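Participant: Just dropping this structure here.
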Amino acid sequence: MLELVFWFFSAAAIVSAFLCITRRSAVASALWLVSTLFDLAAIFVLLDAQFIGVLQVLVYAGAIMVLFLFVIMLLDLGREGRTDMKGSVGQFVALALGVGLVVELWVLKRVMDAEGGFAAQTAAFQLPEGELARMTEAQGAIGIIAAPLFRQYLVPFEVTSVLLLVAVVGAVVLAKRRL
Amino acid sequence: MTPEELKGLLLVSSIKIGVVFAVIMIGVIMIIWVERRGSALLQDRLGPNRVGPLGLLQNVADGLKNFTKEEVMPLQADPVIFVMAPMMSFVAAMLLFAVVPFAAPLPPFDVTLPLIGHVVHEGPVAMVIANLPVGFLFILAVSSIAVYGIVLAGWSSNSKYAFLGALRASAQMISYEIPLAMSLVVVLLLAGNVPLGDIIAFQQQTTWFVFAATLSWLLFHVATFAETNRMPFDLAEAEAELVAGFHTEYSSMKFAMFFIAEYTGLITMSALIATLFFGGWDIPFTTWDEQEATNWSFGTLFRVGMTNLFFIGKTFFFAWVYIWVRWTVPRFRFDQVMHLGWKILLPISLGYIVVMASAVLVLERLGMVHDWKYGMALFAVNVPLVALCVFGLDRDRLLLGARLRSQAET
Amino acid sequence: MAITVKVMKRPEHEVSYLRATLKGLALTFSHLLRPSVTMQYPEQTATDDWTLSPRWRGTHRMLTDEQGRSKCVACGLCPQICPANCIKLVPGEDEQGNRYPLIYEIDEFRCVFCGYCQEVCPEEAIHVGVHYENAEYERGRFVYDLERLCAQTHPVSTLWDPSDPKGQ
């Protein structure tokens with residue numbers, strides 16, 4: 001049952017992502033990206049990571065993509081936008097990069113298989129079956145994220161927030177001519 | 001999970017979804033009726049009183065009219081998105097209610113029903129559609145999705161007015177989502193968790209959060225006005241300037257869906273205020289409503305019914321406050337809306353988090369248990385803060401008036 | 001060029017939003033308890049505070065004599081003075097030499113209800129009426145002919161009297 005749901009959302013995510021990069025209309029493309037984000041949120045929830053799933057919707061689909069949409073609408077890119085890749089040189093470079101990516105993935109898979117496969121590689125990081133659900137039950141969906149974040153990883157967390165602050169300050173400096 | 005339990009869960013869930021959906025739709029009709037009649041009374045009029053007793057069936061008649069009206073699609077509108085936008089608004093508004101508990105839990109059951117067979121439910125049946133561990137974060141997430149309906153409606157209509165309305169609405173809703181979420185951080189600080197059931201339980205243990213987090217309630221209430229696009233924040237449809245804003249080009253049932261979504265949002269936000277700050281289904285000054293439901297006796301059912309009545313009563317009261325404010329306060333200018341959101345509500349809510357976090361820390365260090373004294377101690381912290389906001393800020397600094405603007409320009 | 005706004009220099013302590021809003025809410029709430037002033041129209045055509053003024057100028061009425069004939073002598077003054085040009089009059093003459101209207105029609109759609117026709121009429125025949133319920137199913141029905149004008153029964157308007165400007 002759960003596996004069925006997983007396959008459904010995975011398929012939906014892949015199809016949406018594909019449509020996102022192939023649609024000509026910028027607005028349609030953005031909406032397909034929103035759909036992808038929703039499917040990913042559903043997969044997070046299936047993995048018992050409800051908090052991450054909700055944040056995915058709240059931050060990405062609810063805030064960032066709305067701003068994207070905003071900008072697209074204000075720029076008025078039109079329905080029949082041309083392709084970004086100008087000329088045969090650009091197309092060749094794009095093709096080469098794409099092939100390179102596929103080759104890279106293939107090599108990674110070979111290396112992985114040689115070292116005992118995906119499951120063996122990631123066993124160290126994996127919680128036992130149902131552990132996350134039990135922890136959510138005990139500490140709450142936010143507690144299991146918040147406790148390590150604010151105790152073990154406090155410094156990286158604060159550094160990240162400073163990074164965001166830098167971005168905000170930079171945006172203000174760029175936007176305001178006279179401070 | 002055994003098949004019997006799964007069946008029990010599915011049965012209970014589908015009944016709850018059906019009942020809540022029906023109650024919300026009826027509630028929407030009632031609230032629109034209250035809005036029309038109430039606004040009439042506020043203006044010394046009578047309001048619609050011809051269709052049915054007291055005009056109660058007026059909205060049914062309007063609904064039928066909307067069903068039979070012609071659907072107009074503007075030239076060069078984006079047909080798919082144009083049709084999708086009202087659905088998005090509608091679904092987002094409906095989804096919101098899924099995490100709001102509406103009564104005390106029902107006792108567990110173990111029965112054999114015709115057609116369905118043997119069904120079991122272990123533990124009390126929580127009177128909420130989905131008792132998600134992420135609680136009100138779900139509400140924030142879904143209400144941020146509601147922006148899409150409005151933005152896409154405005155964009156796909158291929159109309160200047162609709163587009164301007166959509167731009168205003170989205171800017172406003174994104175801006176006010178932040179104080180909305182920030183004011184809830186204090187609730188999270190106090191209750192320690194996000195599921196609304198836990199928040200209600202904590203309020204039963206201590207005091208309602210309207211005392212323990214008064215300022216948070218004020219901020220939340222103001223932000224919900226903006227989130228639901230109600231007066232004085234109805235810039236999205238500002239009929240004096242934008243015809244009807246984002247739904248200018250919509251007709252018949254597609255328009256009605258926006259309409260229903262708006263009023264569903266109003267009901268949900270009222271229910272949310274009642275739940276987060278006024279104890280939800282809690283009956284004040286008593287503890288008999290908080291007993292564990294164990295058996296199917298008349299007392300238990302009566303208790304569930306009473307708590308549900310109290311919840312509906314509280315929700316209705318706040319819905320009435322929305323209506324009352326709408327027919328009292330004029331609309332803000334757009335720069336005033338942005339000023340209020342970003343320069344007043346956001347700093348206050350951030351500062352309030354710091355103050356309340358320190359207060360909670362001090363109380364924890366003092367070793368106070370979570371009872372009514374705990375809530376009252378926090379109320380003592382809140383009183384001067386609220387007084388400061390009401391009397392300190394209210395001297396021409398709350399809204400960007402002409403005087404302040406002229407000072408800013410010179 | 002920017003629009004300049006006149007800025008009121010009010011003292012700071014007088015300028016408030018929250019308290020003013022609360023005051024407004026109290027005001028609207030007090031209205032909630034007041035009786036509503038709506039008149040239930042089709043059932044109720046007048047209330048204590050509101051009745052139709054005797055000087056109301058509504059749809060026309062032609063007065064008749066004892067034999068039920070219209071008082072009109074087809075002098076032609078009313079079509080002459082009518083600013084909206086809504087009166088159609090074709091005069092006729094009988095054996096005794098009395099003039100009477102062959103056709104007398106008023107197009108109520110064109111009429112501006114100024115009441116000049118009543119003022120100018122030497123025979124006090126044509127009047128504007130104290131009447132407002134004049135809905136019809138067809139446009140054509142709004143051209144009132146002589147028969148219809150005579151058949152009207154509603155009270156006629158009392159025109160403004162310069163010697164008694166307040167109507168006492």
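Chain labels A, B, ... are given in the sequence in which chains occur in the structure tokens; within each chain residues are numbered consecutively from 1, and ligands are likewise numbered from 1 in the order shown.
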Kindly provide, as a PDB file with N, CA and C atoms, in the first residue's frame, the residues of chain B having any atom no farther than 12 Å from an atom of chain A, counting only C-alpha atoms.
Facilitator:
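The result, stored in part-v6.pdb:
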```pdb
ATOM      1  N   LEU B   6      -7.503  -1.108  10.365  1.00  0.00           N
ATOM      2  CA  LEU B   6      -7.437  -0.297   9.144  1.00  0.00           C
ATOM      3  C   LEU B   6      -8.839   0.092   8.705  1.00  0.00           C
ATOM      4  N   GLN B  76      -8.234  35.242 -25.099  1.00  0.00           N
ATOM      5  CA  GLN B  76      -6.802  35.085 -24.863  1.00  0.00           C
ATOM      6  C   GLN B  76      -6.465  34.737 -23.423  1.00  0.00           C
ATOM      7  N   ALA B  77      -7.464  34.308 -22.660  1.00  0.00           N
ATOM      8  CA  ALA B  77      -7.135  33.818 -21.324  1.00  0.00           C
ATOM      9  C   ALA B  77      -6.476  32.457 -21.467  1.00  0.00           C
ATOM     10  N   ASP B  78      -5.672  32.103 -20.480  1.00  0.00           N
ATOM     11  CA  ASP B  78      -5.048  30.787 -20.493  1.00  0.00           C
ATOM     12  C   ASP B  78      -6.096  29.789 -19.998  1.00  0.00           C
ATOM     13  N   VAL B  80      -6.504  26.537 -19.362  1.00  0.00           N
ATOM     14  CA  VAL B  80      -6.274  25.516 -18.327  1.00  0.00           C
ATOM     15  C   VAL B  80      -6.119  26.181 -16.965  1.00  0.00           C
ATOM     16  N   ILE B  81      -5.253  27.184 -16.913  1.00  0.00           N
ATOM     17  CA  ILE B  81      -4.993  27.834 -15.620  1.00  0.00           C
ATOM     18  C   ILE B  81      -6.220  28.604 -15.164  1.00  0.00           C
ATOM     19  N   MET B  84      -8.303  26.162 -13.550  1.00  0.00           N
ATOM     20  CA  MET B  84      -7.656  25.538 -12.406  1.00  0.00           C
ATOM     21  C   MET B  84      -7.622  26.461 -11.182  1.00  0.00           C
ATOM     22  N   ALA B  85      -7.511  27.768 -11.425  1.00  0.00           N
ATOM     23  CA  ALA B  85      -7.281  28.701 -10.316  1.00  0.00           C
ATOM     24  C   ALA B  85      -8.369  28.658  -9.243  1.00  0.00           C
ATOM     25  N   ALA B  92      -7.477  24.524  -1.359  1.00  0.00           N
ATOM     26  CA  ALA B  92      -6.612  24.986  -0.274  1.00  0.00           C
ATOM     27  C   ALA B  92      -7.456  25.403   0.924  1.00  0.00           C
ATOM     28  N   ASN B 131      -4.860  13.921  12.531  1.00  0.00           N
ATOM     29  CA  ASN B 131      -4.079  14.384  13.675  1.00  0.00           C
ATOM     30  C   ASN B 131      -2.612  14.372  13.294  1.00  0.00           C
ATOM     31  N   LEU B 132      -2.216  15.323  12.444  1.00  0.00           N
ATOM     32  CA  LEU B 132      -0.854  15.325  11.922  1.00  0.00           C
ATOM     33  C   LEU B 132       0.132  15.716  12.998  1.00  0.00           C
ATOM     34  N   PRO B 133       1.323  15.109  13.000  1.00  0.00           N
ATOM     35  CA  PRO B 133       2.330  15.532  13.969  1.00  0.00           C
ATOM     36  C   PRO B 133       2.859  16.939  13.684  1.00  0.00           C
ATOM     37  N   VAL B 134       2.617  17.458  12.481  1.00  0.00           N
ATOM     38  CA  VAL B 134       3.134  18.793  12.182  1.00  0.00           C
ATOM     39  C   VAL B 134       2.124  19.887  12.513  1.00  0.00           C
ATOM     40  N   GLY B 135       0.919  19.494  12.919  1.00  0.00           N
ATOM     41  CA  GLY B 135      -0.040  20.444  13.465  1.00  0.00           C
ATOM     42  C   GLY B 135      -0.252  21.694  12.653  1.00  0.00           C
ATOM     43  N   PHE B 136      -0.081  22.848  13.314  1.00  0.00           N
ATOM     44  CA  PHE B 136      -0.440  24.094  12.624  1.00  0.00           C
ATOM     45  C   PHE B 136       0.550  24.480  11.538  1.00  0.00           C
ATOM     46  N   LEU B 137       1.704  23.817  11.480  1.00  0.00           N
ATOM     47  CA  LEU B 137       2.602  24.074  10.342  1.00  0.00           C
ATOM     48  C   LEU B 137       1.903  23.696   9.042  1.00  0.00           C
ATOM     49  N   PHE B 138       1.077  22.644   9.126  1.00  0.00           N
ATOM     50  CA  PHE B 138       0.283  22.240   7.964  1.00  0.00           C
ATOM     51  C   PHE B 138      -0.607  23.387   7.519  1.00  0.00           C
ATOM     52  N   ILE B 139      -1.181  24.084   8.498  1.00  0.00           N
ATOM     53  CA  ILE B 139      -2.072  25.200   8.158  1.00  0.00           C
ATOM     54  C   ILE B 139      -1.292  26.308   7.481  1.00  0.00           C
ATOM     55  N   LEU B 140      -0.105  26.609   8.023  1.00  0.00           N
ATOM     56  CA  LEU B 140       0.723  27.648   7.395  1.00  0.00           C
ATOM     57  C   LEU B 140       1.081  27.242   5.969  1.00  0.00           C
ATOM     58  N   ALA B 141       1.440  25.953   5.793  1.00  0.00           N
ATOM     59  CA  ALA B 141       1.842  25.486   4.469  1.00  0.00           C
ATOM     60  C   ALA B 141       0.682  25.607   3.491  1.00  0.00           C
ATOM     61  N   VAL B 142      -0.488  25.135   3.912  1.00  0.00           N
ATOM     62  CA  VAL B 142      -1.620  25.141   2.983  1.00  0.00           C
ATOM     63  C   VAL B 142      -2.082  26.566   2.697  1.00  0.00           C
ATOM     64  N   SER B 143      -2.049  27.418   3.727  1.00  0.00           N
ATOM     65  CA  SER B 143      -2.508  28.782   3.459  1.00  0.00           C
ATOM     66  C   SER B 143      -1.517  29.508   2.560  1.00  0.00           C
ATOM     67  N   SER B 144      -0.249  29.077   2.564  1.00  0.00           N
ATOM     68  CA  SER B 144       0.676  29.693   1.614  1.00  0.00           C
ATOM     69  C   SER B 144       0.397  29.197   0.197  1.00  0.00           C
ATOM     70  N   ILE B 145      -0.237  28.037   0.084  1.00  0.00           N
ATOM     71  CA  ILE B 145      -0.609  27.532  -1.237  1.00  0.00           C
ATOM     72  C   ILE B 145      -1.800  28.316  -1.793  1.00  0.00           C
ATOM     73  N   ALA B 146      -2.628  28.825  -0.872  1.00  0.00           N
ATOM     74  CA  ALA B 146      -3.829  29.531  -1.312  1.00  0.00           C
ATOM     75  C   ALA B 146      -3.490  30.728  -2.194  1.00  0.00           C
ATOM     76  N   VAL B 147      -2.266  31.248  -2.056  1.00  0.00           N
ATOM     77  CA  VAL B 147      -1.858  32.381  -2.891  1.00  0.00           C
ATOM     78  C   VAL B 147      -1.924  32.008  -4.368  1.00  0.00           C
ATOM     79  N   TYR B 148      -1.597  30.753  -4.682  1.00  0.00           N
ATOM     80  CA  TYR B 148      -1.554  30.346  -6.090  1.00  0.00           C
ATOM     81  C   TYR B 148      -2.885  30.574  -6.786  1.00  0.00           C
ATOM     82  N   GLY B 149      -3.955  30.193  -6.097  1.00  0.00           N
ATOM     83  CA  GLY B 149      -5.270  30.360  -6.702  1.00  0.00           C
ATOM     84  C   GLY B 149      -5.475  31.795  -7.144  1.00  0.00           C
ATOM     85  N   ILE B 150      -5.108  32.723  -6.261  1.00  0.00           N
ATOM     86  CA  ILE B 150      -5.356  34.135  -6.552  1.00  0.00           C
ATOM     87  C   ILE B 150      -4.412  34.642  -7.641  1.00  0.00           C
ATOM     88  N   VAL B 151      -3.138  34.317  -7.510  1.00  0.00           N
ATOM     89  CA  VAL B 151      -2.158  34.810  -8.493  1.00  0.00           C
ATOM     90  C   VAL B 151      -2.494  34.280  -9.879  1.00  0.00           C
ATOM     91  N   LEU B 152      -2.784  32.984  -9.949  1.00  0.00           N
ATOM     92  CA  LEU B 152      -3.030  32.397 -11.266  1.00  0.00           C
ATOM     93  C   LEU B 152      -4.349  32.895 -11.842  1.00  0.00           C
ATOM     94  N   GLY B 154      -5.578  35.853 -11.410  1.00  0.00           N
ATOM     95  CA  GLY B 154      -5.306  37.181 -11.939  1.00  0.00           C
ATOM     96  C   GLY B 154      -4.502  37.136 -13.210  1.00  0.00           C
ATOM     97  N   TRP B 155      -3.528  36.248 -13.261  1.00  0.00           N
ATOM     98  CA  TRP B 155      -2.651  36.210 -14.434  1.00  0.00           C
ATOM     99  C   TRP B 155      -3.368  35.639 -15.645  1.00  0.00           C
ATOM    100  N   SER B 156      -4.114  34.540 -15.404  1.00  0.00           N
ATOM    101  CA  SER B 156      -4.706  33.853 -16.549  1.00  0.00           C
ATOM    102  C   SER B 156      -5.899  34.610 -17.124  1.00  0.00           C
ATOM    103  N   ASN B 158      -6.066  37.559 -18.221  1.00  0.00           N
ATOM    104  CA  ASN B 158      -5.692  38.480 -19.287  1.00  0.00           C
ATOM    105  C   ASN B 158      -6.440  39.807 -19.131  1.00  0.00           C
ATOM    106  N   PHE B 163      -5.098  41.343 -12.888  1.00  0.00           N
ATOM    107  CA  PHE B 163      -3.668  41.161 -12.664  1.00  0.00           C
ATOM    108  C   PHE B 163      -3.173  42.036 -11.516  1.00  0.00           C
ATOM    109  N   LEU B 164      -3.631  43.284 -11.515  1.00  0.00           N
ATOM    110  CA  LEU B 164      -3.227  44.177 -10.415  1.00  0.00           C
ATOM    111  C   LEU B 164      -3.707  43.633  -9.080  1.00  0.00           C
ATOM    112  N   ALA B 166      -4.271  40.545  -8.338  1.00  0.00           N
ATOM    113  CA  ALA B 166      -3.497  39.359  -7.988  1.00  0.00           C
ATOM    114  C   ALA B 166      -2.129  39.749  -7.450  1.00  0.00           C
ATOM    115  N   LEU B 167      -1.513  40.742  -8.073  1.00  0.00           N
ATOM    116  CA  LEU B 167      -0.190  41.158  -7.598  1.00  0.00           C
ATOM    117  C   LEU B 167      -0.277  41.694  -6.179  1.00  0.00           C
ATOM    118  N   ARG B 168      -1.275  42.539  -5.950  1.00  0.00           N
ATOM    119  CA  ARG B 168      -1.457  43.083  -4.613  1.00  0.00           C
ATOM    120  C   ARG B 168      -1.697  41.973  -3.616  1.00  0.00           C
ATOM    121  N   ALA B 169      -2.598  41.049  -3.992  1.00  0.00           N
ATOM    122  CA  ALA B 169      -2.969  39.977  -3.063  1.00  0.00           C
ATOM    123  C   ALA B 169      -1.758  39.141  -2.720  1.00  0.00           C
ATOM    124  N   SER B 170      -0.963  38.794  -3.733  1.00  0.00           N
ATOM    125  CA  SER B 170       0.147  37.894  -3.428  1.00  0.00           C
ATOM    126  C   SER B 170       1.189  38.614  -2.594  1.00  0.00           C
ATOM    127  N   ALA B 171       1.476  39.885  -2.907  1.00  0.00           N
ATOM    128  CA  ALA B 171       2.443  40.623  -2.101  1.00  0.00           C
ATOM    129  C   ALA B 171       1.964  40.691  -0.659  1.00  0.00           C
ATOM    130  N   MET B 173      -0.250  38.687   0.891  1.00  0.00           N
ATOM    131  CA  MET B 173      -0.344  37.410   1.595  1.00  0.00           C
ATOM    132  C   MET B 173       1.029  36.874   1.959  1.00  0.00           C
ATOM    133  N   ILE B 174       2.009  37.075   1.051  1.00  0.00           N
ATOM    134  CA  ILE B 174       3.360  36.620   1.391  1.00  0.00           C
ATOM    135  C   ILE B 174       3.887  37.428   2.570  1.00  0.00           C
ATOM    136  N   SER B 175       3.618  38.732   2.575  1.00  0.00           N
ATOM    137  CA  SER B 175       4.124  39.579   3.660  1.00  0.00           C
ATOM    138  C   SER B 175       3.519  39.191   4.996  1.00  0.00           C
ATOM    139  N   TYR B 176       2.214  38.913   4.996  1.00  0.00           N
ATOM    140  CA  TYR B 176       1.564  38.670   6.280  1.00  0.00           C
ATOM    141  C   TYR B 176       1.691  37.243   6.754  1.00  0.00           C
ATOM    142  N   GLU B 177       2.143  36.347   5.856  1.00  0.00           N
ATOM    143  CA  GLU B 177       2.416  34.992   6.310  1.00  0.00           C
ATOM    144  C   GLU B 177       3.520  34.998   7.356  1.00  0.00           C
ATOM    145  N   ILE B 178       4.443  35.950   7.223  1.00  0.00           N
ATOM    146  CA  ILE B 178       5.598  35.957   8.121  1.00  0.00           C
ATOM    147  C   ILE B 178       5.183  36.346   9.535  1.00  0.00           C
ATOM    148  N   ALA B 181       3.200  33.430  10.989  1.00  0.00           N
ATOM    149  CA  ALA B 181       3.997  32.306  11.483  1.00  0.00           C
ATOM    150  C   ALA B 181       4.777  32.705  12.727  1.00  0.00           C
ATOM    151  N   VAL B 185       5.080  31.183  16.735  1.00  0.00           N
ATOM    152  CA  VAL B 185       6.276  30.628  17.379  1.00  0.00           C
ATOM    153  C   VAL B 185       6.126  30.679  18.894  1.00  0.00           C
ATOM    154  N   LEU B 188       4.117  27.877  20.047  1.00  0.00           N
ATOM    155  CA  LEU B 188       4.950  26.674  20.034  1.00  0.00           C
ATOM    156  C   LEU B 188       5.867  26.649  21.253  1.00  0.00           C
ATOM    157  N   LEU B 189       6.418  27.817  21.593  1.00  0.00           N
ATOM    158  CA  LEU B 189       7.299  27.916  22.760  1.00  0.00           C
ATOM    159  C   LEU B 189       6.573  27.483  24.020  1.00  0.00           C
ATOM    160  N   ALA B 191       3.529  25.752  24.319  1.00  0.00           N
ATOM    161  CA  ALA B 191       2.945  24.415  24.318  1.00  0.00           C
ATOM    162  C   ALA B 191       4.002  23.349  24.112  1.00  0.00           C
ATOM    163  N   GLY B 192       5.122  23.717  23.512  1.00  0.00           N
ATOM    164  CA  GLY B 192       6.202  22.764  23.327  1.00  0.00           C
ATOM    165  C   GLY B 192       6.025  21.850  22.140  1.00  0.00           C
ATOM    166  N   ASN B 193       4.889  21.928  21.468  1.00  0.00           N
ATOM    167  CA  ASN B 193       4.688  21.070  20.311  1.00  0.00           C
ATOM    168  C   ASN B 193       3.660  21.719  19.388  1.00  0.00           C
ATOM    169  N   VAL B 194       3.563  21.218  18.164  1.00  0.00           N
ATOM    170  CA  VAL B 194       2.694  21.871  17.200  1.00  0.00           C
ATOM    171  C   VAL B 194       1.322  21.257  16.967  1.00  0.00           C
ATOM    172  N   PRO B 195       1.074  19.946  17.238  1.00  0.00           N
ATOM    173  CA  PRO B 195      -0.282  19.446  16.955  1.00  0.00           C
ATOM    174  C   PRO B 195      -1.317  20.213  17.773  1.00  0.00           C
ATOM    175  N   ASP B 198      -2.384  18.865  21.170  1.00  0.00           N
ATOM    176  CA  ASP B 198      -1.464  19.130  22.282  1.00  0.00           C
ATOM    177  C   ASP B 198      -1.628  20.552  22.788  1.00  0.00           C
TER     178      ASP B 198
END
```
Participant: Give one line per residue of chain C that approaches chain B to at most 7 Å, naming the two atoms of the closest pair and their distance in Å to one decimal, counting only C-alpha atoms; sort by chain then ascending residue number and deliver it as CSV.
Facilitator:
```
residue,atom,partner,partner_atom,distance
C:Val7,CA,B:Arg403,CA,5.8
C:Glu12,CA,B:Arg395,CA,5.7
C:His13,CA,B:Arg395,CA,5.7
C:Val15,CA,B:Asp396,CA,5.3
C:Ser16,CA,B:Asp394,CA,5.0
C:Tyr17,CA,B:Asp394,CA,6.0
C:Leu18,CA,B:Asp394,CA,6.2
C:Thr21,CA,B:Val329,CA,6.9
C:Gly24,CA,B:Thr328,CA,6.2
C:Leu25,CA,B:Thr328,CA,6.0
C:Thr28,CA,B:Leu42,CA,5.6
C:Phe29,CA,B:Leu42,CA,6.6
C:His31,CA,B:Leu42,CA,5.2
C:Leu32,CA,B:Leu42,CA,4.6
C:Arg34,CA,B:Asp44,CA,6.7
C:Pro35,CA,B:Asp44,CA,6.5
C:Ser36,CA,B:Asp44,CA,4.1
C:Val37,CA,B:Asp44,CA,5.9
C:Thr38,CA,B:Arg45,CA,5.3
```
Participant: How would the residues just chosen look if you wrote them out with C-alpha atoms as a PDB file, in the first residue's frame?
Facilitator:
```pdb
ATOM      1  CA  VAL C   7      -1.062  67.373   5.821  1.00  0.00           C
ATOM      2  CA  GLU C  12       0.647  63.364  18.338  1.00  0.00           C
ATOM      3  CA  HIS C  13      -1.453  62.212  21.257  1.00  0.00           C
ATOM      4  CA  VAL C  15      -3.650  60.667  16.400  1.00  0.00           C
ATOM      5  CA  SER C  16      -4.563  57.063  16.936  1.00  0.00           C
ATOM      6  CA  TYR C  17      -5.597  54.081  14.943  1.00  0.00           C
ATOM      7  CA  LEU C  18      -6.309  51.345  17.449  1.00  0.00           C
ATOM      8  CA  THR C  21     -10.964  51.658  15.550  1.00  0.00           C
ATOM      9  CA  GLY C  24     -15.735  52.770  15.579  1.00  0.00           C
ATOM     10  CA  LEU C  25     -16.489  49.196  16.528  1.00  0.00           C
ATOM     11  CA  THR C  28     -21.297  50.088  14.760  1.00  0.00           C
ATOM     12  CA  PHE C  29     -22.256  47.774  17.592  1.00  0.00           C
ATOM     13  CA  HIS C  31     -26.267  50.513  15.598  1.00  0.00           C
ATOM     14  CA  LEU C  32     -26.806  46.776  15.813  1.00  0.00           C
ATOM     15  CA  ARG C  34     -31.149  50.150  16.988  1.00  0.00           C
ATOM     16  CA  PRO C  35     -34.321  49.368  15.059  1.00  0.00           C
ATOM     17  CA  SER C  36     -33.793  49.230  11.331  1.00  0.00           C
ATOM     18  CA  VAL C  37     -35.388  51.870   9.198  1.00  0.00           C
ATOM     19  CA  THR C  38     -36.054  49.714   6.168  1.00  0.00           C
TER      20      THR C  38
END
```
Participant: Out of stretch 68-304 of chain B, which residues get strand (DSSP E) from DSSP, as a list in words?
Facilitator: Ala103, Ala104, Pro105, Leu106, Phe109, Asp110, Val111, Thr112, Leu113, Gly117, His118, Val119, Val120, His121, Val125, Ala126 and Met127 of chain B
Participant: Atom CA of B:Ala236 and atom CA of B:Val337 are how many Å apart?
Facilitator: 11.7 Å
Participant: Taking the DSSP secondary structure from the backbone, can you list the residues of chain C that are alpha helix (DSSP H), as a PyMOL selection string?
Facilitator: chain C and resi 18-33+77-81+116-120+146-151
Participant: Would you pick out the contacts of stretch 276-286 of chain B at 9 Å or less, using only C-alpha atoms, so that residues sharing its chain but fewer than 2 positions from it are not included, and give the list as a PyMOL selection string?
Facilitator: chain B and resi 100-104+184+187+196-197+199-204+207-214+216-217+271-274+288-290+306-312+314-315
